[in-house]
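> The structure file structure35.tsv (TSV, N, CA and C atoms and all ligand atoms) is provided below.
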chain	number	residue	atom	x	y	z
A	1	MET	N	28.05	112.43	137.02
A	1	MET	CA	26.67	112.65	136.54
A	1	MET	C	25.71	112.46	137.71
A	2	ILE	N	24.94	113.47	137.96
A	2	ILE	CA	24.01	113.40	139.09
A	2	ILE	C	22.62	113.02	138.57
A	3	CYS	N	22.00	112.09	139.25
A	3	CYS	CA	20.68	111.67	138.83
A	3	CYS	C	19.63	112.37	139.69
A	4	PHE	N	18.74	113.10	139.06
A	4	PHE	CA	17.75	113.88	139.79
A	4	PHE	C	16.40	113.19	139.95
A	5	SER	N	16.34	111.93	139.56
A	5	SER	CA	15.01	111.32	139.58
A	5	SER	C	14.58	110.94	140.99
A	6	ILE	N	13.33	111.12	141.25
A	6	ILE	CA	12.72	110.69	142.50
A	6	ILE	C	11.56	109.79	142.09
A	7	PHE	N	11.45	108.64	142.72
A	7	PHE	CA	10.40	107.72	142.32
A	7	PHE	C	9.27	107.75	143.34
A	8	PHE	N	8.06	107.77	142.83
A	8	PHE	CA	6.90	107.74	143.69
A	8	PHE	C	6.59	106.28	144.00
A	9	VAL	N	7.18	105.67	144.97
A	9	VAL	CA	6.85	104.28	145.21
A	9	VAL	C	6.47	103.99	146.65
A	10	THR	N	7.42	103.58	147.43
A	10	THR	CA	7.06	103.06	148.75
A	10	THR	C	7.53	103.94	149.89
A	11	HIS	N	7.26	103.51	151.06
A	11	HIS	CA	7.67	104.24	152.25
A	11	HIS	C	9.15	104.02	152.51
A	12	ASN	N	9.77	105.04	153.01
A	12	ASN	CA	11.21	104.95	153.20
A	12	ASN	C	11.56	105.72	154.46
A	13	GLU	N	10.85	105.43	155.53
A	13	GLU	CA	11.04	106.25	156.73
A	13	GLU	C	11.63	105.46	157.88
A	14	ASN	N	12.34	104.38	157.57
A	14	ASN	CA	12.98	103.65	158.65
A	14	ASN	C	14.14	104.46	159.22
A	15	ASN	N	14.52	104.13	160.45
A	15	ASN	CA	15.53	104.93	161.14
A	15	ASN	C	16.88	104.97	160.45
A	16	ARG	N	17.29	103.86	159.87
A	16	ARG	CA	18.60	103.85	159.22
A	16	ARG	C	18.64	104.89	158.09
A	17	TYR	N	17.55	104.98	157.38
A	17	TYR	CA	17.45	105.96	156.30
A	17	TYR	C	17.57	107.38	156.86
A	18	ILE	N	16.86	107.63	157.96
A	18	ILE	CA	16.89	108.97	158.56
A	18	ILE	C	18.29	109.30	159.07
A	19	ILE	N	18.91	108.34	159.76
A	19	ILE	CA	20.25	108.58	160.31
A	19	ILE	C	21.24	108.83	159.18
A	20	GLU	N	21.16	108.02	158.14
A	20	GLU	CA	22.06	108.19	157.01
A	20	GLU	C	21.89	109.57	156.37
A	21	THR	N	20.64	109.98	156.22
A	21	THR	CA	20.36	111.29	155.62
A	21	THR	C	20.92	112.41	156.48
A	22	LEU	N	20.72	112.30	157.79
A	22	LEU	CA	21.14	113.39	158.68
A	22	LEU	C	22.66	113.48	158.81
A	23	GLU	N	23.35	112.40	158.49
A	23	GLU	CA	24.82	112.42	158.55
A	23	GLU	C	25.42	113.13	157.34
A	24	LEU	N	24.63	113.32	156.29
A	24	LEU	CA	25.16	113.94	155.08
A	24	LEU	C	25.03	115.45	155.15
A	25	ASN	N	25.90	116.11	154.43
A	25	ASN	CA	25.81	117.56	154.33
A	25	ASN	C	25.46	117.90	152.89
A	26	GLY	N	24.18	118.08	152.64
A	26	GLY	CA	23.69	118.20	151.27
A	26	GLY	C	24.06	119.51	150.60
A	27	SER	N	23.69	119.60	149.33
A	27	SER	CA	23.95	120.79	148.53
A	27	SER	C	22.63	121.50	148.26
A	28	ALA	N	22.55	122.78	148.66
A	28	ALA	CA	21.32	123.55	148.45
A	28	ALA	C	21.04	123.72	146.96
A	29	GLU	N	22.09	123.83	146.14
A	29	GLU	CA	21.89	124.02	144.69
A	29	GLU	C	21.24	122.78	144.08
A	30	GLU	N	21.76	121.61	144.47
A	30	GLU	CA	21.16	120.39	143.94
A	30	GLU	C	19.76	120.18	144.49
A	31	GLY	N	19.56	120.57	145.74
A	31	GLY	CA	18.23	120.48	146.33
A	31	GLY	C	17.25	121.38	145.60
A	32	ASP	N	17.72	122.55	145.21
A	32	ASP	CA	16.90	123.50	144.46
A	32	ASP	C	16.47	122.87	143.14
A	33	ALA	N	17.41	122.23	142.45
A	33	ALA	CA	17.09	121.58	141.17
A	33	ALA	C	16.07	120.46	141.38
A	34	LEU	N	16.25	119.68	142.41
A	34	LEU	CA	15.30	118.60	142.71
A	34	LEU	C	13.93	119.17	143.04
A	35	PHE	N	13.93	120.24	143.80
A	35	PHE	CA	12.68	120.88	144.19
A	35	PHE	C	11.94	121.36	142.94
A	36	LYS	N	12.68	121.94	142.01
A	36	LYS	CA	12.05	122.47	140.79
A	36	LYS	C	11.41	121.35	139.97
A	37	ILE	N	12.02	120.16	140.01
A	37	ILE	CA	11.47	119.05	139.23
A	37	ILE	C	10.28	118.40	139.95
A	38	ASN	N	10.36	118.27	141.26
A	38	ASN	CA	9.41	117.42	141.97
A	38	ASN	C	8.38	118.14	142.84
A	39	CYS	N	8.65	119.35	143.23
A	39	CYS	CA	7.83	119.95	144.28
A	39	CYS	C	7.11	121.23	143.86
A	40	VAL	N	7.63	121.92	142.83
A	40	VAL	CA	7.07	123.24	142.51
A	40	VAL	C	5.63	123.19	142.01
A	41	GLY	N	5.22	122.07	141.42
A	41	GLY	CA	3.85	121.96	140.94
A	41	GLY	C	2.86	122.25	142.05
A	42	CYS	N	3.21	121.89	143.26
A	42	CYS	CA	2.31	122.11	144.40
A	42	CYS	C	2.78	123.22	145.34
A	43	HIS	N	4.09	123.39	145.46
A	43	HIS	CA	4.57	124.37	146.44
A	43	HIS	C	5.01	125.69	145.80
A	44	GLY	N	4.94	125.76	144.47
A	44	GLY	CA	5.26	127.01	143.79
A	44	GLY	C	6.74	127.10	143.45
A	45	ILE	N	7.05	127.82	142.39
A	45	ILE	CA	8.41	127.91	141.86
A	45	ILE	C	9.37	128.50	142.89
A	46	THR	N	8.91	129.39	143.75
A	46	THR	CA	9.78	129.94	144.79
A	46	THR	C	9.40	129.40	146.16
A	47	ALA	N	8.67	128.29	146.18
A	47	ALA	CA	8.24	127.65	147.42
A	47	ALA	C	7.36	128.53	148.28
A	48	ARG	N	6.66	129.49	147.62
A	48	ARG	CA	5.76	130.38	148.36
A	48	ARG	C	4.36	129.81	148.50
A	49	GLY	N	4.18	128.59	147.99
A	49	GLY	CA	2.89	127.94	148.18
A	49	GLY	C	1.98	128.04	146.97
A	50	LEU	N	1.18	126.98	146.78
A	50	LEU	CA	0.22	126.91	145.68
A	50	LEU	C	-0.89	125.99	146.19
A	51	VAL	N	-0.90	124.74	145.74
A	51	VAL	CA	-1.78	123.73	146.34
A	51	VAL	C	-1.25	123.39	147.73
A	52	GLY	N	0.06	123.23	147.80
A	52	GLY	CA	0.73	122.94	149.07
A	52	GLY	C	1.15	124.25	149.71
A	53	PRO	N	1.49	124.20	151.00
A	53	PRO	CA	1.82	125.41	151.74
A	53	PRO	C	3.16	126.05	151.38
A	54	ASP	N	3.29	127.32	151.70
A	54	ASP	CA	4.54	128.06	151.66
A	54	ASP	C	5.57	127.32	152.52
A	55	LEU	N	6.77	127.11	151.99
A	55	LEU	CA	7.77	126.35	152.76
A	55	LEU	C	8.88	127.23	153.32
A	56	HIS	N	8.73	128.54	153.19
A	56	HIS	CA	9.72	129.42	153.81
A	56	HIS	C	9.54	129.32	155.33
A	57	SER	N	10.64	129.27	156.02
A	57	SER	CA	10.67	129.09	157.49
A	57	SER	C	10.11	127.75	157.96
A	58	ILE	N	9.92	126.81	157.04
A	58	ILE	CA	9.48	125.48	157.44
A	58	ILE	C	10.49	124.85	158.40
A	59	THR	N	11.78	125.14	158.21
A	59	THR	CA	12.81	124.50	159.04
A	59	THR	C	12.81	125.07	160.46
A	60	GLN	N	12.07	126.16	160.68
A	60	GLN	CA	11.90	126.63	162.06
A	60	GLN	C	10.72	125.94	162.74
A	61	ARG	N	9.79	125.45	161.94
A	61	ARG	CA	8.62	124.79	162.52
A	61	ARG	C	8.78	123.29	162.64
A	62	LEU	N	9.46	122.68	161.66
A	62	LEU	CA	9.65	121.23	161.69
A	62	LEU	C	11.14	120.93	161.76
A	63	ASN	N	11.52	119.89	162.53
A	63	ASN	CA	12.92	119.49	162.51
A	63	ASN	C	13.18	118.62	161.28
A	64	ASP	N	14.46	118.33	161.04
A	64	ASP	CA	14.82	117.61	159.81
A	64	ASP	C	14.13	116.26	159.73
A	65	LYS	N	14.04	115.60	160.88
A	65	LYS	CA	13.41	114.28	160.90
A	65	LYS	C	11.94	114.37	160.50
A	66	GLU	N	11.28	115.40	160.99
A	66	GLU	CA	9.87	115.58	160.64
A	66	GLU	C	9.72	115.90	159.14
A	67	ILE	N	10.65	116.66	158.60
A	67	ILE	CA	10.59	116.99	157.17
A	67	ILE	C	10.83	115.73	156.33
A	68	ILE	N	11.79	114.91	156.76
A	68	ILE	CA	12.04	113.65	156.04
A	68	ILE	C	10.77	112.81	156.03
A	69	LYS	N	10.12	112.73	157.19
A	69	LYS	CA	8.88	111.93	157.26
A	69	LYS	C	7.79	112.52	156.38
A	70	GLN	N	7.74	113.85	156.33
A	70	GLN	CA	6.74	114.50	155.48
A	70	GLN	C	6.97	114.14	154.00
A	71	VAL	N	8.24	114.17	153.59
A	71	VAL	CA	8.55	113.96	152.17
A	71	VAL	C	8.45	112.49	151.79
A	72	THR	N	8.85	111.59	152.70
A	72	THR	CA	8.88	110.17	152.33
A	72	THR	C	7.67	109.39	152.83
A	73	GLY	N	6.88	110.01	153.71
A	73	GLY	CA	5.84	109.24	154.38
A	73	GLY	C	4.51	109.11	153.67
A	74	GLY	N	4.17	110.08	152.82
A	74	GLY	CA	2.86	110.04	152.17
A	74	GLY	C	1.71	110.08	153.16
A	75	LEU	N	1.91	110.82	154.26
A	75	LEU	CA	0.89	110.83	155.32
A	75	LEU	C	-0.14	111.93	155.15
A	76	THR	N	0.12	112.89	154.25
A	76	THR	CA	-0.79	114.01	154.09
A	76	THR	C	-1.18	114.21	152.63
A	77	PRO	N	-2.04	113.32	152.11
A	77	PRO	CA	-2.51	113.50	150.74
A	77	PRO	C	-3.08	114.91	150.56
A	78	PRO	N	-2.95	115.51	149.38
A	78	PRO	CA	-2.50	114.92	148.11
A	78	PRO	C	-0.99	114.86	147.97
A	79	MET	N	-0.21	115.29	148.94
A	79	MET	CA	1.24	115.19	148.76
A	79	MET	C	1.64	113.72	148.73
A	80	PRO	N	2.30	113.31	147.65
A	80	PRO	CA	2.68	111.90	147.53
A	80	PRO	C	3.85	111.55	148.43
A	81	SER	N	4.11	110.26	148.60
A	81	SER	CA	5.34	109.86	149.29
A	81	SER	C	6.42	109.72	148.23
A	82	PHE	N	7.57	110.30	148.50
A	82	PHE	CA	8.68	110.25	147.55
A	82	PHE	C	9.67	109.20	148.02
A	83	GLU	N	10.08	108.34	147.10
A	83	GLU	CA	11.19	107.46	147.43
A	83	GLU	C	12.45	108.14	146.92
A	84	ILE	N	13.26	108.56	147.82
A	84	ILE	CA	14.37	109.43	147.48
A	84	ILE	C	15.59	108.96	148.26
A	85	ASP	N	16.73	108.88	147.61
A	85	ASP	CA	17.88	108.36	148.32
A	85	ASP	C	18.41	109.41	149.31
A	86	PRO	N	19.17	108.96	150.31
A	86	PRO	CA	19.62	109.88	151.37
A	86	PRO	C	20.37	111.09	150.84
A	87	VAL	N	21.19	110.94	149.80
A	87	VAL	CA	21.94	112.08	149.27
A	87	VAL	C	20.98	113.15	148.77
A	88	ASN	N	19.99	112.74	147.98
A	88	ASN	CA	19.05	113.72	147.44
A	88	ASN	C	18.13	114.28	148.52
A	89	MET	N	17.79	113.44	149.52
A	89	MET	CA	16.97	113.96	150.63
A	89	MET	C	17.75	115.02	151.38
A	90	SER	N	19.03	114.76	151.58
A	90	SER	CA	19.88	115.73	152.25
A	90	SER	C	19.99	117.03	151.45
A	91	ASN	N	20.05	116.92	150.13
A	91	ASN	CA	20.09	118.11	149.28
A	91	ASN	C	18.81	118.93	149.43
A	92	ILE	N	17.68	118.24	149.47
A	92	ILE	CA	16.41	118.96	149.63
A	92	ILE	C	16.34	119.65	150.99
A	93	LEU	N	16.82	118.97	152.03
A	93	LEU	CA	16.84	119.59	153.36
A	93	LEU	C	17.69	120.86	153.33
A	94	LYS	N	18.85	120.77	152.69
A	94	LYS	CA	19.74	121.93	152.62
A	94	LYS	C	19.04	123.08	151.90
A	95	TYR	N	18.35	122.75	150.83
A	95	TYR	CA	17.61	123.78	150.09
A	95	TYR	C	16.55	124.42	150.99
A	96	LEU	N	15.80	123.58	151.71
A	96	LEU	CA	14.74	124.14	152.57
A	96	LEU	C	15.35	125.02	153.66
A	97	HIS	N	16.53	124.64	154.16
A	97	HIS	CA	17.20	125.47	155.16
A	97	HIS	C	17.68	126.80	154.57
A	98	SER	N	17.89	126.80	153.24
A	98	SER	CA	18.39	128.04	152.62
A	98	SER	C	17.27	129.05	152.38
A	99	LEU	N	16.01	128.62	152.53
A	99	LEU	CA	14.87	129.54	152.36
A	99	LEU	C	14.72	130.35	153.63
A	100	GLU	N	14.48	131.64	153.49
A	100	GLU	CA	14.36	132.46	154.69
A	100	GLU	C	12.90	132.54	155.10
B	1	LIG	C1	0.77	116.85	144.68
B	1	LIG	C2	1.15	118.05	145.41
B	1	LIG	C3	2.43	118.07	146.22
B	1	LIG	C4	3.71	117.73	145.81
B	1	LIG	C5	4.17	117.22	144.45
B	1	LIG	C6	4.57	118.00	146.95
B	1	LIG	N1	3.83	118.47	148.00
B	1	LIG	FE1	4.55	118.96	149.83
B	1	LIG	N2	2.65	119.31	150.49
B	1	LIG	C7	1.52	119.27	149.71
B	1	LIG	C8	0.36	119.57	150.54
B	1	LIG	C9	-1.09	119.64	150.07
B	1	LIG	C10	0.84	119.77	151.84
B	1	LIG	C11	0.04	120.07	153.11
B	1	LIG	C12	-0.31	118.75	153.74
B	1	LIG	C13	-1.08	118.94	155.01
B	1	LIG	O1	-0.45	119.04	156.07
B	1	LIG	O2	-2.30	118.99	154.95
B	1	LIG	C14	2.30	119.60	151.77
B	1	LIG	C15	3.13	119.75	152.85
B	1	LIG	C16	4.53	119.76	152.78
B	1	LIG	C17	5.42	120.04	153.89
B	1	LIG	C18	4.99	120.37	155.32
B	1	LIG	C19	4.52	121.80	155.32
B	1	LIG	C20	3.97	122.24	156.64
B	1	LIG	O3	3.67	123.45	156.73
B	1	LIG	O4	3.85	121.45	157.57
B	1	LIG	C21	6.69	119.95	153.42
B	1	LIG	C22	7.98	120.17	154.20
B	1	LIG	C23	6.60	119.60	152.02
B	1	LIG	N3	5.27	119.48	151.67
B	1	LIG	C24	7.68	119.42	151.20
B	1	LIG	C25	7.59	118.94	149.90
B	1	LIG	C26	8.74	118.62	149.08
B	1	LIG	C27	10.20	118.82	149.51
B	1	LIG	C28	8.26	118.15	147.90
B	1	LIG	C29	9.05	117.61	146.72
B	1	LIG	C30	9.98	116.54	147.01
B	1	LIG	C31	6.80	118.20	147.97
B	1	LIG	N4	6.44	118.68	149.19
B	1	LIG	C32	5.95	117.82	146.93
B	1	LIG	C33	1.46	118.99	148.36
B	1	LIG	C34	2.53	118.53	147.58
Could I get this file's structure written as structure tokens?
Ligand code: HEC

Amino acid sequence: MICFSIFFVTHNENNRYIIETLELNGSAEEGDALFKINCVGCHGITARGLVGPDLHSITQRLNDKEIIKQVTGGLTPPMPSFEIDPVNMSNILKYLHSLE
């Protein structure tokens, strides 16, 4: 049973978290499901942008570490900081890499 919940709580951008996330090989399908639950309200159902920017080709502009910081850091309001475990963060990265 996979848990798709992401909690809006604290910062989670320490190096161990980043290293652990980058060592995993996530699933784009699960990342897609997570994205639909947590991100589409602002980035649009196909990630083409709404309140938040279009995320297609984001992985060409930002490296994985920068994307992790964007998602977990809460540095650019109104985008919240997500407390997300490394497996699910890795899934979201894989999904973002699957966008052309
Ligand atoms: C409440 C609205 C909101 C939600 C929910 C949200 N975002 Fe964002 N996101 C934004 C906004 C607004 C920006 C632009 C911030 C800025 O740089 O000014 C942004 C920026 C980003 C960026 C950087 C884009 C760039 O061009 O630099 C990424 C990557 C991103 N979001 C991923 C996600 C992911 C993944 C989720 C779900 C886990 C998510 N966002 C949820 C509003 C949101």
> Would you list the residues that come within 6.5 Å of ligand LIG 1 (chain B)? Count only N, CA and C atoms and all ligand atoms and give the answer as an NGL selection string.
:A and (34-35 or 38-43 or 51-55 or 58 or 67 or 70-71 or 76-80 or 82 or 92)
> For the atom pair atom N of Ser57 (chain A) and atom N of Tyr17 (chain A), what is the interatomic distance in Å to one decimal place?
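Separation of atom N of Ser57 (chain A) and atom N of Tyr17 (chain A): 25.3 Å.
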> Could you pull the residues within 8 Å of region 18-24 of chain A, counting only C-alpha atoms, minus those fewer than 6 positions along the same chain, as a list in words?
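Selected residues are Asp64, Lys65, Ile68, Pro86, Val87, Met89 and Ser90 of chain A.
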> Build an axis-aligned box that encloses every atom of region 57-69 of chain A listed in the file, pad it by 6 Å on each side, and report its centre and edge lengths in Å to one decimal, as JSON.

{"center_x": 11.3, "center_y": 120.6, "center_z": 159.4, "size_x": 19.0, "size_y": 29.3, "size_z": 18.7}
> Just the number, please: distance in Å from atom C of Glu29 (chain A) to atom N of Ile45 (chain A), one decimal.
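Rounded to one decimal, the two atoms are 15.2 Å apart.
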> Just to confirm, what's the straight-line distance from CA of Thr46 (chain A) to CA of Leu96 (chain A) in Å (one decimal)?
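For CA of Thr46 (chain A) relative to CA of Leu96 (chain A), the distance reads 10.9 Å.
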> Region 6-68 of chain A: which residues are alpha helix (DSSP H) by DSSP, as a PyMOL selection string?
chain A and resi 15-23+28-38+40-43+58-61+64-68
